[in-house]
file upload_31.txt (compact mmCIF, C-alpha atoms and all ligand atoms)
# COMPACT_ATOMS: atom_id res chain seq x y z
CA MET T 175 -29.80 48.23 41.34
CA LYS T 176 -29.82 45.51 38.66
CA LYS T 177 -32.45 42.79 38.88
CA GLU T 178 -29.88 40.04 39.51
CA ASP T 179 -28.35 42.11 42.36
CA LYS T 180 -31.59 42.35 44.34
CA PHE T 181 -31.21 40.53 47.63
CA ASP T 182 -33.59 37.69 48.33
CA PHE T 183 -33.64 36.45 51.95
CA LYS T 184 -34.19 32.93 50.60
CA GLU T 185 -30.54 33.01 49.48
CA LEU T 186 -29.51 32.96 53.14
CA SER T 187 -31.17 29.58 53.66
CA SER T 188 -28.10 27.57 52.58
CA SER T 189 -25.89 29.62 54.94
CA LEU T 190 -28.28 28.92 57.81
CA ILE T 191 -28.39 25.20 56.98
CA ILE T 192 -24.57 25.09 57.04
CA VAL T 193 -24.42 26.97 60.36
CA PHE T 194 -26.96 24.73 62.08
CA SER T 195 -25.38 21.54 60.68
CA PHE T 196 -21.99 22.53 62.13
CA TRP T 197 -23.57 23.50 65.45
CA ILE T 198 -25.28 20.10 65.68
CA VAL T 199 -21.99 18.32 64.89
CA ALA T 200 -20.26 20.50 67.56
CA VAL T 201 -22.73 19.54 70.28
CA VAL T 202 -22.87 15.84 69.32
CA LEU T 203 -19.06 15.49 69.28
CA TRP T 204 -18.70 17.44 72.54
CA ARG T 205 -21.34 15.37 74.33
CA SER T 206 -20.00 12.05 73.02
CA THR T 207 -16.29 12.73 73.69
CA GLY T 208 -16.48 15.18 76.59
CA ASP T 209 -13.83 17.28 74.80
CA ILE T 210 -14.72 21.01 74.81
CA PHE T 211 -12.40 21.54 71.81
CA TYR T 212 -14.95 19.93 69.49
CA LEU T 213 -17.65 22.30 70.70
CA PHE T 214 -15.51 25.39 70.16
CA ASN T 215 -13.94 24.24 66.89
CA PHE T 216 -17.12 23.28 65.03
CA LEU T 217 -19.16 26.17 66.45
CA TYR T 218 -16.50 28.57 65.19
CA ILE T 219 -16.09 27.00 61.74
CA GLY T 220 -19.85 26.74 61.16
CA THR T 221 -20.42 30.35 62.23
CA ALA T 222 -17.49 31.59 60.09
CA ILE T 223 -18.85 29.80 57.01
CA GLY T 224 -22.30 31.20 57.77
CA ILE T 225 -21.02 34.79 58.04
CA GLY T 226 -18.87 34.55 54.88
CA THR T 227 -21.49 32.83 52.71
CA GLY T 228 -24.17 35.16 54.11
CA PHE T 229 -22.15 38.17 52.93
CA TYR T 230 -21.57 36.42 49.61
CA SER T 231 -25.34 36.04 49.12
CA ALA T 232 -26.10 39.60 50.15
CA LEU T 233 -23.46 41.37 48.04
CA PRO T 234 -24.09 42.43 44.44
CA ARG T 235 -22.66 40.13 41.77
CA LYS T 236 -19.49 42.09 41.08
CA LYS T 237 -18.60 42.25 44.78
CA LYS T 238 -19.41 38.67 45.73
CA SER T 239 -15.74 37.66 45.75
CA LEU T 240 -15.40 39.79 48.93
CA GLY T 241 -17.74 37.36 50.72
CA ARG T 242 -15.58 34.45 49.57
CA LYS T 243 -12.38 36.21 50.68
CA LEU T 244 -13.90 36.99 54.07
CA THR T 245 -14.61 33.27 54.53
CA LEU T 246 -11.03 32.49 53.46
CA PHE T 247 -9.70 34.78 56.20
CA LEU T 248 -12.11 33.62 58.91
CA ILE T 249 -11.38 29.92 58.34
CA GLY T 250 -7.85 29.96 56.91
CA GLY T 251 -6.71 32.42 59.58
CA TYR T 252 -8.27 30.33 62.35
CA MET T 253 -6.65 27.11 61.08
CA LEU T 254 -3.22 28.64 60.77
CA LEU T 255 -3.16 30.96 63.77
CA PHE T 256 -5.27 29.13 66.33
CA LEU T 257 -4.90 25.43 65.49
CA GLY T 258 -1.37 25.80 64.13
CA LEU T 259 0.46 28.47 66.06
CA LEU T 260 -1.40 28.28 69.40
CA GLU T 261 -2.38 24.60 69.52
CA PHE T 262 0.86 23.37 67.85
CA GLU T 263 -1.00 21.22 65.30
CA ASN T 264 1.18 20.49 62.30
CA MET T 265 -1.38 21.12 59.55
CA GLN T 266 1.17 20.64 56.75
CA ILE T 267 0.77 17.47 54.71
CA GLU T 268 3.83 15.97 56.43
CA GLY T 269 2.11 16.52 59.80
CA PHE T 270 -0.88 14.57 58.54
CA PHE T 271 1.40 11.69 57.45
CA PHE T 272 3.25 11.73 60.80
CA TYR T 273 0.03 11.67 62.83
CA LEU T 274 -1.31 8.80 60.72
CA LEU T 275 1.85 6.78 61.35
CA ALA T 276 1.68 7.58 65.07
CA GLY T 277 -2.02 6.68 65.23
CA PHE T 278 -3.02 10.11 66.62
CA PHE T 279 -6.59 11.13 65.80
CA SER T 280 -5.55 14.76 66.03
CA GLY T 281 -7.00 18.04 64.72
CA SER T 282 -4.80 17.73 61.64
CA VAL T 283 -6.16 14.27 60.80
CA ILE T 284 -9.76 15.43 61.32
CA HIS T 285 -9.03 18.44 59.11
CA TYR T 286 -7.64 16.32 56.25
CA LEU T 287 -10.52 13.85 56.51
CA VAL T 288 -13.23 16.53 56.51
CA ALA T 289 -11.82 19.16 54.14
CA LYS T 290 -9.59 17.22 51.79
CA ILE T 291 -10.55 13.54 51.64
CA LEU T 292 -14.25 12.95 52.36
CA GLY T 293 -15.60 16.51 52.13
CA PRO T 294 -14.86 16.95 48.40
CA ILE T 295 -17.42 14.22 47.65
CA LEU T 296 -20.01 16.73 48.85
CA PHE T 297 -18.55 20.19 48.27
CA ASN T 298 -15.90 19.60 45.59
CA ARG T 299 -12.65 21.58 45.96
CA ALA T 300 -14.40 24.42 47.79
CA TRP T 301 -11.62 24.16 50.39
CA CYS T 302 -9.29 25.74 47.81
CA SER T 303 -11.38 28.84 47.24
CA TRP T 304 -13.20 29.30 50.56
CA ALA T 305 -10.87 28.14 53.35
CA CYS T 306 -7.21 27.52 52.47
CA TRP T 307 -4.78 29.72 54.42
CA THR T 308 -2.27 29.71 51.55
CA ALA T 309 -4.89 30.90 49.05
CA MET T 310 -6.06 33.49 51.60
CA VAL T 311 -2.79 35.35 50.88
CA LEU T 312 -2.36 34.41 47.20
CA ASP T 313 -5.82 35.75 46.33
CA LEU T 314 -4.73 39.21 47.54
CA LEU T 315 -2.01 39.43 44.86
CA PRO T 316 -2.66 41.47 41.69
CA TYR T 317 -2.88 38.70 39.07
CA THR T 318 -6.49 37.55 39.48
CA ARG T 319 -6.83 36.89 35.74
CA SER T 320 -4.70 33.89 34.91
CA SER T 321 -2.15 34.28 32.15
CA GLY T 322 -2.88 30.69 31.09
CA ARG T 323 -1.74 27.27 32.17
CA ILE T 324 1.77 26.16 31.28
CA PRO T 325 1.58 22.82 29.46
CA GLY T 326 3.93 19.88 29.84
CA LYS T 327 6.21 18.91 32.68
CA TRP T 328 5.05 21.67 35.08
CA GLY T 329 1.96 19.56 35.65
CA TRP T 330 4.07 16.87 37.34
CA LEU T 331 5.60 19.14 39.97
CA ARG T 332 2.70 18.77 42.43
CA TYR T 333 2.86 14.95 42.23
CA MET T 334 6.63 14.98 42.75
CA HIS T 335 6.09 17.30 45.73
CA PHE T 336 3.56 14.85 47.20
CA ILE T 337 5.96 11.92 46.77
CA LEU T 338 8.82 13.96 48.25
CA SER T 339 6.74 14.92 51.31
CA LEU T 340 5.69 11.32 51.88
CA GLY T 341 9.24 10.09 51.26
CA ILE T 342 10.75 12.50 53.83
CA VAL T 343 8.22 11.40 56.45
CA LEU T 344 8.84 7.69 55.80
CA LEU T 345 12.60 8.21 55.82
CA LEU T 346 12.52 10.09 59.12
CA TRP T 347 10.08 7.67 60.70
CA PHE T 348 11.65 4.37 59.67
CA GLY T 349 15.20 5.49 58.92
CA SER T 350 16.13 7.72 61.84
CA GLY T 351 13.61 6.70 64.48
CA TYR T 352 12.07 10.21 64.54
CA HIS T 353 8.66 10.10 66.20
CA VAL T 354 6.17 12.91 66.67
CA GLU T 355 4.65 13.92 69.93
CA SER T 356 1.24 15.49 69.70
CA LYS T 357 1.35 19.27 70.24
CA SER T 358 5.15 19.44 70.61
CA ILE T 359 7.27 22.47 69.70
CA THR T 360 8.80 20.46 66.82
CA GLU T 361 5.37 20.38 65.19
CA LEU T 362 5.17 24.14 65.43
CA TYR T 363 8.60 24.58 63.81
CA TRP T 364 7.59 22.22 61.00
CA LEU T 365 4.38 24.15 60.41
CA LEU T 366 6.18 27.51 60.42
CA ALA T 367 8.96 26.36 58.09
CA GLY T 368 6.46 24.71 55.72
CA ASN T 369 4.31 27.81 55.51
CA VAL T 370 7.24 30.17 55.01
CA ILE T 371 8.33 27.96 52.08
CA TYR T 372 4.79 27.73 50.63
CA TYR T 373 4.11 31.47 50.87
CA SER T 374 7.53 32.36 49.43
CA ILE T 375 7.21 30.02 46.44
CA GLY T 376 3.56 31.00 45.94
CA ILE T 377 4.30 34.74 45.87
CA ILE T 378 7.40 34.40 43.67
CA LEU T 379 5.50 32.20 41.17
CA ALA T 380 2.51 34.54 41.13
CA PHE T 381 4.69 37.50 40.12
CA TRP T 382 6.89 35.47 37.76
CA LEU T 383 4.01 33.81 35.89
CA LYS T 384 1.53 36.68 36.43
CA ASP T 385 -0.93 34.25 37.95
CA ASN T 386 -2.09 34.32 41.60
CA ARG T 387 -2.97 30.63 41.51
CA ALA T 388 0.27 29.35 39.91
CA PHE T 389 1.27 27.67 43.19
CA CYS T 390 -2.07 25.84 43.29
CA LYS T 391 -1.74 24.66 39.69
CA TYR T 392 1.84 23.44 39.71
CA VAL T 393 3.43 23.10 43.16
CA CYS T 394 0.93 22.42 45.95
CA PRO T 395 0.79 18.68 46.80
CA ILE T 396 -2.75 18.80 48.26
CA PRO T 397 -4.63 18.49 44.92
CA THR T 398 -3.08 15.03 44.58
CA ILE T 399 -5.60 14.04 47.29
CA LEU T 400 -8.38 16.50 46.45
CA LYS T 401 -8.57 15.45 42.82
CA ILE T 402 -9.44 11.85 43.74
CA THR T 403 -12.65 12.46 45.67
CA SER T 404 -13.72 15.73 44.00
CA ARG T 405 -14.33 13.70 40.81
CA PHE T 406 -17.47 12.41 42.47
CA SER T 407 -18.58 15.73 43.93
CA LEU T 408 -22.29 16.37 44.27
CA LEU T 409 -21.72 20.12 43.87
CA LYS T 410 -20.51 21.24 40.46
CA ILE T 411 -21.04 24.16 38.11
CA ARG T 412 -23.72 23.61 35.49
CA GLY T 413 -24.15 25.60 32.28
CA ASN T 414 -27.24 26.23 30.22
CA SER T 415 -26.18 25.93 26.57
CA GLU T 416 -29.32 27.73 25.39
CA LYS T 417 -28.44 30.82 27.41
CA CYS T 418 -24.73 30.73 26.48
CA ASN T 419 -23.66 33.06 23.65
CA GLU T 420 -20.06 31.74 23.69
CA CYS T 421 -18.63 35.15 24.63
CA GLY T 422 -15.81 33.44 26.57
CA ALA T 423 -15.94 35.86 29.52
CA CYS T 424 -16.17 33.00 32.03
CA MET T 425 -12.95 31.41 30.74
CA LYS T 426 -11.03 34.69 30.79
CA THR T 427 -11.77 35.10 34.51
CA CYS T 428 -11.51 31.46 35.63
CA PRO T 429 -8.44 31.37 37.92
CA MET T 430 -7.88 27.70 37.11
CA ASP T 431 -7.97 28.01 33.29
CA ILE T 432 -10.87 25.62 32.82
CA ARG T 433 -12.35 25.34 29.35
CA ILE T 434 -15.83 25.86 30.66
CA THR T 435 -17.70 25.84 27.34
CA ASP T 436 -16.20 22.46 26.40
CA TYR T 437 -18.41 21.08 29.14
CA THR T 438 -21.45 23.32 28.94
CA SER T 439 -21.86 23.00 25.16
CA ASN T 440 -21.92 19.21 25.59
CA GLY T 441 -24.58 19.35 28.29
CA LEU T 442 -22.10 18.34 31.01
CA ARG T 443 -21.46 19.91 34.38
CA ILE T 444 -17.90 21.14 34.84
CA LEU T 445 -16.13 17.88 35.54
CA SER T 446 -12.58 19.19 35.72
CA THR T 447 -10.97 18.30 39.03
CA GLU T 448 -9.16 21.63 38.76
CA CYS T 449 -12.42 23.49 39.48
CA ILE T 450 -12.24 25.06 42.94
CA LEU T 451 -15.90 26.14 43.03
CA CYS T 452 -14.95 29.80 43.43
CA GLN T 453 -17.99 30.81 41.32
CA THR T 454 -16.07 33.58 39.56
CA CYS T 455 -17.45 32.25 36.27
CA VAL T 456 -21.02 32.28 37.64
CA ASN T 457 -20.68 35.92 38.67
CA THR T 458 -19.00 36.92 35.40
CA CYS T 459 -21.41 35.34 32.92
CA PRO T 460 -23.48 38.18 31.38
CA THR T 461 -26.38 35.91 30.43
CA GLY T 462 -26.70 34.01 33.73
CA ALA T 463 -25.96 30.73 31.95
CA LEU T 464 -23.90 29.26 34.81
CA LYS T 465 -24.93 28.21 38.28
CA VAL T 466 -23.91 25.90 41.09
CA SER T 467 -25.82 22.66 40.89
CA PHE T 468 -26.33 19.74 43.23
CA GLY T 469 -26.61 16.42 41.49
CA LEU T 470 -25.94 12.72 41.63
CA ASP T 471 -24.06 11.09 38.79
CA ILE T 472 -26.77 8.53 38.11
CA GLY T 473 -25.66 6.15 35.38
CA GLY T 474 -22.01 7.20 35.67
CA LYS T 475 -22.23 9.67 32.76
CA GLU T 476 -20.01 12.18 34.54
CA SER T 477 -17.51 9.66 35.92
CA LEU T 478 -16.94 8.25 32.44
CA ASN T 479 -16.12 11.57 30.82
CA GLU T 480 -12.61 12.87 30.45
CA ARG T 481 -11.39 15.49 32.97
CA LYS T 482 -9.53 18.38 31.39
S1 LIG T 501 -4.17 23.99 45.72
FE1 LIG T 501 -3.10 23.97 47.71
S2 LIG T 501 -2.50 26.10 48.12
FE2 LIG T 501 -4.00 26.11 46.47
S3 LIG T 501 -5.91 26.47 47.51
FE3 LIG T 501 -5.73 24.24 47.27
S4 LIG T 501 -4.76 23.51 49.15
FE4 LIG T 501 -4.48 25.75 49.08
S1 LIG T 502 -14.90 26.87 36.50
FE1 LIG T 502 -15.85 28.57 37.62
S2 LIG T 502 -16.04 27.81 39.72
FE2 LIG T 502 -14.58 26.48 38.68
S3 LIG T 502 -12.58 27.37 39.11
FE3 LIG T 502 -13.26 28.25 37.16
S4 LIG T 502 -14.28 30.15 37.72
FE4 LIG T 502 -14.09 28.94 39.60
S1 LIG T 503 -19.68 33.82 30.14
FE1 LIG T 503 -21.68 32.82 30.00
S2 LIG T 503 -22.37 33.31 27.97
FE2 LIG T 503 -20.17 33.74 27.98
S3 LIG T 503 -19.23 31.81 27.29
FE3 LIG T 503 -19.31 31.70 29.50
S4 LIG T 503 -21.23 30.60 29.92
FE4 LIG T 503 -21.36 31.34 27.81
call {"tool": "encode", "arguments": {"input": "upload_31.txt", "output": "structure tokens", "more": "lines below"}}
Ligand code: SF4
Ligand code: SF4
Ligand code: SF4
result
Amino acid sequence: MKKEDKFDFKELSSSLIIVFSFWIVAVVLWRSTGDIFYLFNFLYIGTAIGIGTGFYSALPRKKKSLGRKLTLFLIGGYMLLFLGLLEFENMQIEGFFFYLLAGFFSGSVIHYLVAKILGPILFNRAWCSWACWTAMVLDLLPYTRSSGRIPGKWGWLRYMHFILSLGIVLLLWFGSGYHVESKSITELYWLLAGNVIYYSIGIILAFWLKDNRAFCKYVCPIPTILKITSRFSLLKIRGNSEKCNECGACMKTCPMDIRITDYTSNGLRILSTECILCQTCVNTCPTGALKVSFGLDIGGKESLNERK
């Protein structure tokens, strides 16, 4: 076994901290609201993250992506199958807009607040590589090495999608008097139709462009939100320019086509809001030059630099 593959029990400490933090939140929310859902929901999510990240820590470097994919299935599957299909929560972005307009503080609203609006300030776009139910399927497709990002107008598709989703909701709400009822069958139909469309486009694009993450890069509307708060993320990838031999292996395997050495050679953490914190680059780097780092942007050095 290689030295870097030797398992150190200390590596489990972050998984345990995550598990206990979620368990504390579960109990506090349950006791303060009296709603047993909060206890179950946060106990499950915390435990699932703990199991997945625990496996990630324990596996050798080349197999670590299995730990990440396990977490994707445990959380993404739960969100889609339990919260969506059994609890009738419309977790699509339109559902979030509808619930906001209706003033429902539902599971969908909590989900968007925690995973996609406030959470990225702490854990960046980890949602996209560790929990998203769309990516849970896309990451099983054969094109794990991106064929490169398409420049130009493709980059606008996700923003147009976001505007279209918001526009449809506003039109239905104010134009036709359509109003949602929490946990109604209509919400389930919306969720099902939305996911069939997302999976179909995602799979077609992956095969067409030979890139599993093409849907994430060009079509998904969620990064429109994620990219705002993930700019300020405390967790980012840091490179050690002295250890880097510029072999380029990290960039060949990065699913989001990030020009990693542009940052590391300038002493910057990876500031791109396209980074999904999958850590593929960390596990690929032959010299161990990359690692996940926790840091505050004191002085605004990171915020002032251009995002590529
Ligand atoms: S970009 Fe969209 S589809 Fe891709 S992982 Fe993020 S939320 Fe999921
Ligand atoms: S830079 Fe590294 S962590 Fe970020 S998306 Fe690329 S491979 Fe994943
Ligand atoms: S894989 Fe490591 S050594 Fe190679 S370019 Fe990337 S950071 Fe540098």
call {"tool": "closest_residue", "arguments": {"input": "upload_31.txt", "among": "T:Phe279, T:Tyr212, T:Ser350, T:Ala309", "to": "Ile249 (chain T)", "atoms": "all atoms listed in the file"}}
result
T:Ala309
call {"tool": "atom_distance", "arguments": {"input": "upload_31.txt", "atom1": "CA of Ile444 (chain T)", "atom2": "CA of Tyr372 (chain T)"}}
result
28.4 Å
call {"tool": "residues_near_ligand", "arguments": {"input": "upload_31.txt", "ligand": "ligand LIG 501 (chain T)", "cutoff": "6 Å", "atoms": "only C-alpha atoms and all ligand atoms", "output": "PyMOL selection string"}}
result
chain T and resi 302-303+306+308-309+390+394+396-397
call {"tool": "closest_atom_pairs", "arguments": {"input": "upload_31.txt", "of": "chain T", "to": "ligand LIG 502 (chain T)", "cutoff": "7 Å", "atoms": "only C-alpha atoms and all ligand atoms", "output": "JSON lines"}}
result
{"residue": "T:Ile411", "atom": "CA", "partner": "T:LIG502", "partner_atom": "S2", "distance": 6.4}
{"residue": "T:Cys424", "atom": "CA", "partner": "T:LIG502", "partner_atom": "S4", "distance": 6.6}
{"residue": "T:Thr427", "atom": "CA", "partner": "T:LIG502", "partner_atom": "S4", "distance": 6.4}
{"residue": "T:Cys428", "atom": "CA", "partner": "T:LIG502", "partner_atom": "S4", "distance": 3.7}
{"residue": "T:Pro429", "atom": "CA", "partner": "T:LIG502", "partner_atom": "FE3", "distance": 5.8}
{"residue": "T:Met430", "atom": "CA", "partner": "T:LIG502", "partner_atom": "S3", "distance": 5.1}
{"residue": "T:Asp431", "atom": "CA", "partner": "T:LIG502", "partner_atom": "FE3", "distance": 6.6}
{"residue": "T:Ile432", "atom": "CA", "partner": "T:LIG502", "partner_atom": "S1", "distance": 5.6}
{"residue": "T:Ile434", "atom": "CA", "partner": "T:LIG502", "partner_atom": "S1", "distance": 6.0}
{"residue": "T:Ile444", "atom": "CA", "partner": "T:LIG502", "partner_atom": "S1", "distance": 6.7}
{"residue": "T:Glu448", "atom": "CA", "partner": "T:LIG502", "partner_atom": "S3", "distance": 6.7}
{"residue": "T:Cys449", "atom": "CA", "partner": "T:LIG502", "partner_atom": "FE2", "distance": 3.8}
{"residue": "T:Ile450", "atom": "CA", "partner": "T:LIG502", "partner_atom": "S3", "distance": 4.5}
{"residue": "T:Leu451", "atom": "CA", "partner": "T:LIG502", "partner_atom": "S2", "distance": 3.7}
{"residue": "T:Cys452", "atom": "CA", "partner": "T:LIG502", "partner_atom": "FE4", "distance": 4.0}
{"residue": "T:Gln453", "atom": "CA", "partner": "T:LIG502", "partner_atom": "S2", "distance": 3.9}
{"residue": "T:Thr454", "atom": "CA", "partner": "T:LIG502", "partner_atom": "S4", "distance": 4.3}
{"residue": "T:Cys455", "atom": "CA", "partner": "T:LIG502", "partner_atom": "S4", "distance": 4.1}
{"residue": "T:Val456", "atom": "CA", "partner": "T:LIG502", "partner_atom": "FE1", "distance": 6.4}
call {"tool": "residues_near_ligand", "arguments": {"input": "upload_31.txt", "ligand": "ligand LIG 503 (chain T)", "cutoff": "8 Å", "atoms": "only C-alpha atoms and all ligand atoms", "output": "compact mmCIF listing (two decimals) with C-alpha atoms, in the coordinates of the input"}}
result
# COMPACT_ATOMS: atom_id res chain seq x y z
CA GLY T 413 -24.15 25.60 32.28
CA ASN T 414 -27.24 26.23 30.22
CA SER T 415 -26.18 25.93 26.57
CA LYS T 417 -28.44 30.82 27.41
CA CYS T 418 -24.73 30.73 26.48
CA ASN T 419 -23.66 33.06 23.65
CA GLU T 420 -20.06 31.74 23.69
CA CYS T 421 -18.63 35.15 24.63
CA GLY T 422 -15.81 33.44 26.57
CA ALA T 423 -15.94 35.86 29.52
CA CYS T 424 -16.17 33.00 32.03
CA MET T 425 -12.95 31.41 30.74
CA ILE T 434 -15.83 25.86 30.66
CA THR T 435 -17.70 25.84 27.34
CA THR T 438 -21.45 23.32 28.94
CA CYS T 455 -17.45 32.25 36.27
CA VAL T 456 -21.02 32.28 37.64
CA THR T 458 -19.00 36.92 35.40
CA CYS T 459 -21.41 35.34 32.92
CA PRO T 460 -23.48 38.18 31.38
CA THR T 461 -26.38 35.91 30.43
CA GLY T 462 -26.70 34.01 33.73
CA ALA T 463 -25.96 30.73 31.95
CA LEU T 464 -23.90 29.26 34.81
call {"tool": "residues_around", "arguments": {"input": "upload_31.txt", "residues": "region 315-328 of chain T", "least_positions_apart": "4", "cutoff": "9 Å", "atoms": "all atoms listed in the file", "output": "PDB file with C-alpha atoms, keeping the file's coordinate frame"}}
result
ATOM      1  CA  VAL T 311      -2.790  35.350  50.880  1.00  0.00           C
ATOM      2  CA  ARG T 332       2.700  18.770  42.430  1.00  0.00           C
ATOM      3  CA  ILE T 377       4.300  34.740  45.870  1.00  0.00           C
ATOM      4  CA  ALA T 380       2.510  34.540  41.130  1.00  0.00           C
ATOM      5  CA  PHE T 381       4.690  37.500  40.120  1.00  0.00           C
ATOM      6  CA  LEU T 383       4.010  33.810  35.890  1.00  0.00           C
ATOM      7  CA  LYS T 384       1.530  36.680  36.430  1.00  0.00           C
ATOM      8  CA  ASP T 385      -0.930  34.250  37.950  1.00  0.00           C
ATOM      9  CA  ASN T 386      -2.090  34.320  41.600  1.00  0.00           C
ATOM     10  CA  ARG T 387      -2.970  30.630  41.510  1.00  0.00           C
ATOM     11  CA  ALA T 388       0.270  29.350  39.910  1.00  0.00           C
ATOM     12  CA  LYS T 391      -1.740  24.660  39.690  1.00  0.00           C
ATOM     13  CA  TYR T 392       1.840  23.440  39.710  1.00  0.00           C
ATOM     14  CA  VAL T 393       3.430  23.100  43.160  1.00  0.00           C
ATOM     15  CA  LYS T 426     -11.030  34.690  30.790  1.00  0.00           C
ATOM     16  CA  THR T 427     -11.770  35.100  34.510  1.00  0.00           C
ATOM     17  CA  CYS T 428     -11.510  31.460  35.630  1.00  0.00           C
ATOM     18  CA  PRO T 429      -8.440  31.370  37.920  1.00  0.00           C
ATOM     19  CA  MET T 430      -7.880  27.700  37.110  1.00  0.00           C
ATOM     20  CA  ASP T 431      -7.970  28.010  33.290  1.00  0.00           C
TER      21      ASP T 431
END
call {"tool": "atom_distance", "arguments": {"input": "upload_31.txt", "atom1": "CA of Leu217 (chain T)", "atom2": "CA of Ala200 (chain T)"}}
result
5.9 Å
call {"tool": "residues_around", "arguments": {"input": "upload_31.txt", "residues": "Phe278 (chain T)", "least_positions_apart": "6", "cutoff": "10 Å", "atoms": "all atoms listed in the file", "output": "number ranges by chain"}}
result
T: 270, 272, 354-356
call {"tool": "atom_distance", "arguments": {"input": "upload_31.txt", "atom1": "CA of Val343 (chain T)", "atom2": "CA of Ser282 (chain T)"}}
result
15.4 Å
call {"tool": "closest_residue", "arguments": {"input": "upload_31.txt", "among": "T:Leu254, T:Ile295, T:Leu379, T:Ile402", "to": "Asp471 (chain T)", "atoms": "all atoms listed in the file"}}
result
T:Ile295
call {"tool": "residues_around", "arguments": {"input": "upload_31.txt", "residues": "region 258-268 of chain T", "least_positions_apart": "3", "cutoff": "9 Å", "atoms": "all atoms listed in the file", "output": "PyMOL selection string"}}
result
chain T and resi 252-255+271-273+280-283+285-286+336+339-340+342-343+356-366+368-369+395-396
call {"tool": "write_last_selection", "arguments": {"input": "upload_31.txt", "atoms": "C-alpha atoms", "output": "mmCIF file, keeping the file's coordinate frame"}}
result
data_model
loop_
_atom_site.group_PDB
_atom_site.id
_atom_site.type_symbol
_atom_site.label_atom_id
_atom_site.label_comp_id
_atom_site.auth_asym_id
_atom_site.auth_seq_id
_atom_site.Cartn_x
_atom_site.Cartn_y
_atom_site.Cartn_z
ATOM 1 C CA TYR T 252 -8.270 30.330 62.350
ATOM 2 C CA MET T 253 -6.650 27.110 61.080
ATOM 3 C CA LEU T 254 -3.220 28.640 60.770
ATOM 4 C CA LEU T 255 -3.160 30.960 63.770
ATOM 5 C CA PHE T 271 1.400 11.690 57.450
ATOM 6 C CA PHE T 272 3.250 11.730 60.800
ATOM 7 C CA TYR T 273 0.030 11.670 62.830
ATOM 8 C CA SER T 280 -5.550 14.760 66.030
ATOM 9 C CA GLY T 281 -7.000 18.040 64.720
ATOM 10 C CA SER T 282 -4.800 17.730 61.640
ATOM 11 C CA VAL T 283 -6.160 14.270 60.800
ATOM 12 C CA HIS T 285 -9.030 18.440 59.110
ATOM 13 C CA TYR T 286 -7.640 16.320 56.250
ATOM 14 C CA PHE T 336 3.560 14.850 47.200
ATOM 15 C CA SER T 339 6.740 14.920 51.310
ATOM 16 C CA LEU T 340 5.690 11.320 51.880
ATOM 17 C CA ILE T 342 10.750 12.500 53.830
ATOM 18 C CA VAL T 343 8.220 11.400 56.450
ATOM 19 C CA SER T 356 1.240 15.490 69.700
ATOM 20 C CA LYS T 357 1.350 19.270 70.240
ATOM 21 C CA SER T 358 5.150 19.440 70.610
ATOM 22 C CA ILE T 359 7.270 22.470 69.700
ATOM 23 C CA THR T 360 8.800 20.460 66.820
ATOM 24 C CA GLU T 361 5.370 20.380 65.190
ATOM 25 C CA LEU T 362 5.170 24.140 65.430
ATOM 26 C CA TYR T 363 8.600 24.580 63.810
ATOM 27 C CA TRP T 364 7.590 22.220 61.000
ATOM 28 C CA LEU T 365 4.380 24.150 60.410
ATOM 29 C CA LEU T 366 6.180 27.510 60.420
ATOM 30 C CA GLY T 368 6.460 24.710 55.720
ATOM 31 C CA ASN T 369 4.310 27.810 55.510
ATOM 32 C CA PRO T 395 0.790 18.680 46.800
ATOM 33 C CA ILE T 396 -2.750 18.800 48.260
#
call {"tool": "closest_residue", "arguments": {"input": "upload_31.txt", "among": "T:Met334, T:Leu346, T:Leu213, T:Met310", "to": "Tyr373 (chain T)", "atoms": "all atoms listed in the file"}}
result
T:Met310
call {"tool": "residues_around", "arguments": {"input": "upload_31.txt", "residues": "Leu190 (chain T)", "least_positions_apart": "2", "cutoff": "10 Å", "atoms": "only C-alpha atoms", "output": "JSON, numbers by chain"}}
result
{"T": [185, 186, 187, 188, 192, 193, 194, 195, 196, 220, 221, 223, 224, 225, 227, 228]}
call {"tool": "closest_residue", "arguments": {"input": "upload_31.txt", "among": "T:Leu344, T:Ile210, T:Ile219, T:Leu240", "to": "Trp197 (chain T)", "atoms": "only C-alpha atoms"}}
result
T:Ile219
call {"tool": "residues_around", "arguments": {"input": "upload_31.txt", "residues": "Lys236 (chain T)", "least_positions_apart": "3", "cutoff": "9 Å", "atoms": "only C-alpha atoms", "output": "PyMOL selection string"}}
result
chain T and resi 179+233+239+457-458
call {"tool": "write_last_selection", "arguments": {"input": "upload_31.txt", "atoms": "C-alpha atoms", "output": "mmCIF file, in the coordinates of the input"}}
result
data_model
loop_
_atom_site.group_PDB
_atom_site.id
_atom_site.type_symbol
_atom_site.label_atom_id
_atom_site.label_comp_id
_atom_site.auth_asym_id
_atom_site.auth_seq_id
_atom_site.Cartn_x
_atom_site.Cartn_y
_atom_site.Cartn_z
ATOM 1 C CA ASP T 179 -28.350 42.110 42.360
ATOM 2 C CA LEU T 233 -23.460 41.370 48.040
ATOM 3 C CA SER T 239 -15.740 37.660 45.750
ATOM 4 C CA ASN T 457 -20.680 35.920 38.670
ATOM 5 C CA THR T 458 -19.000 36.920 35.400
#
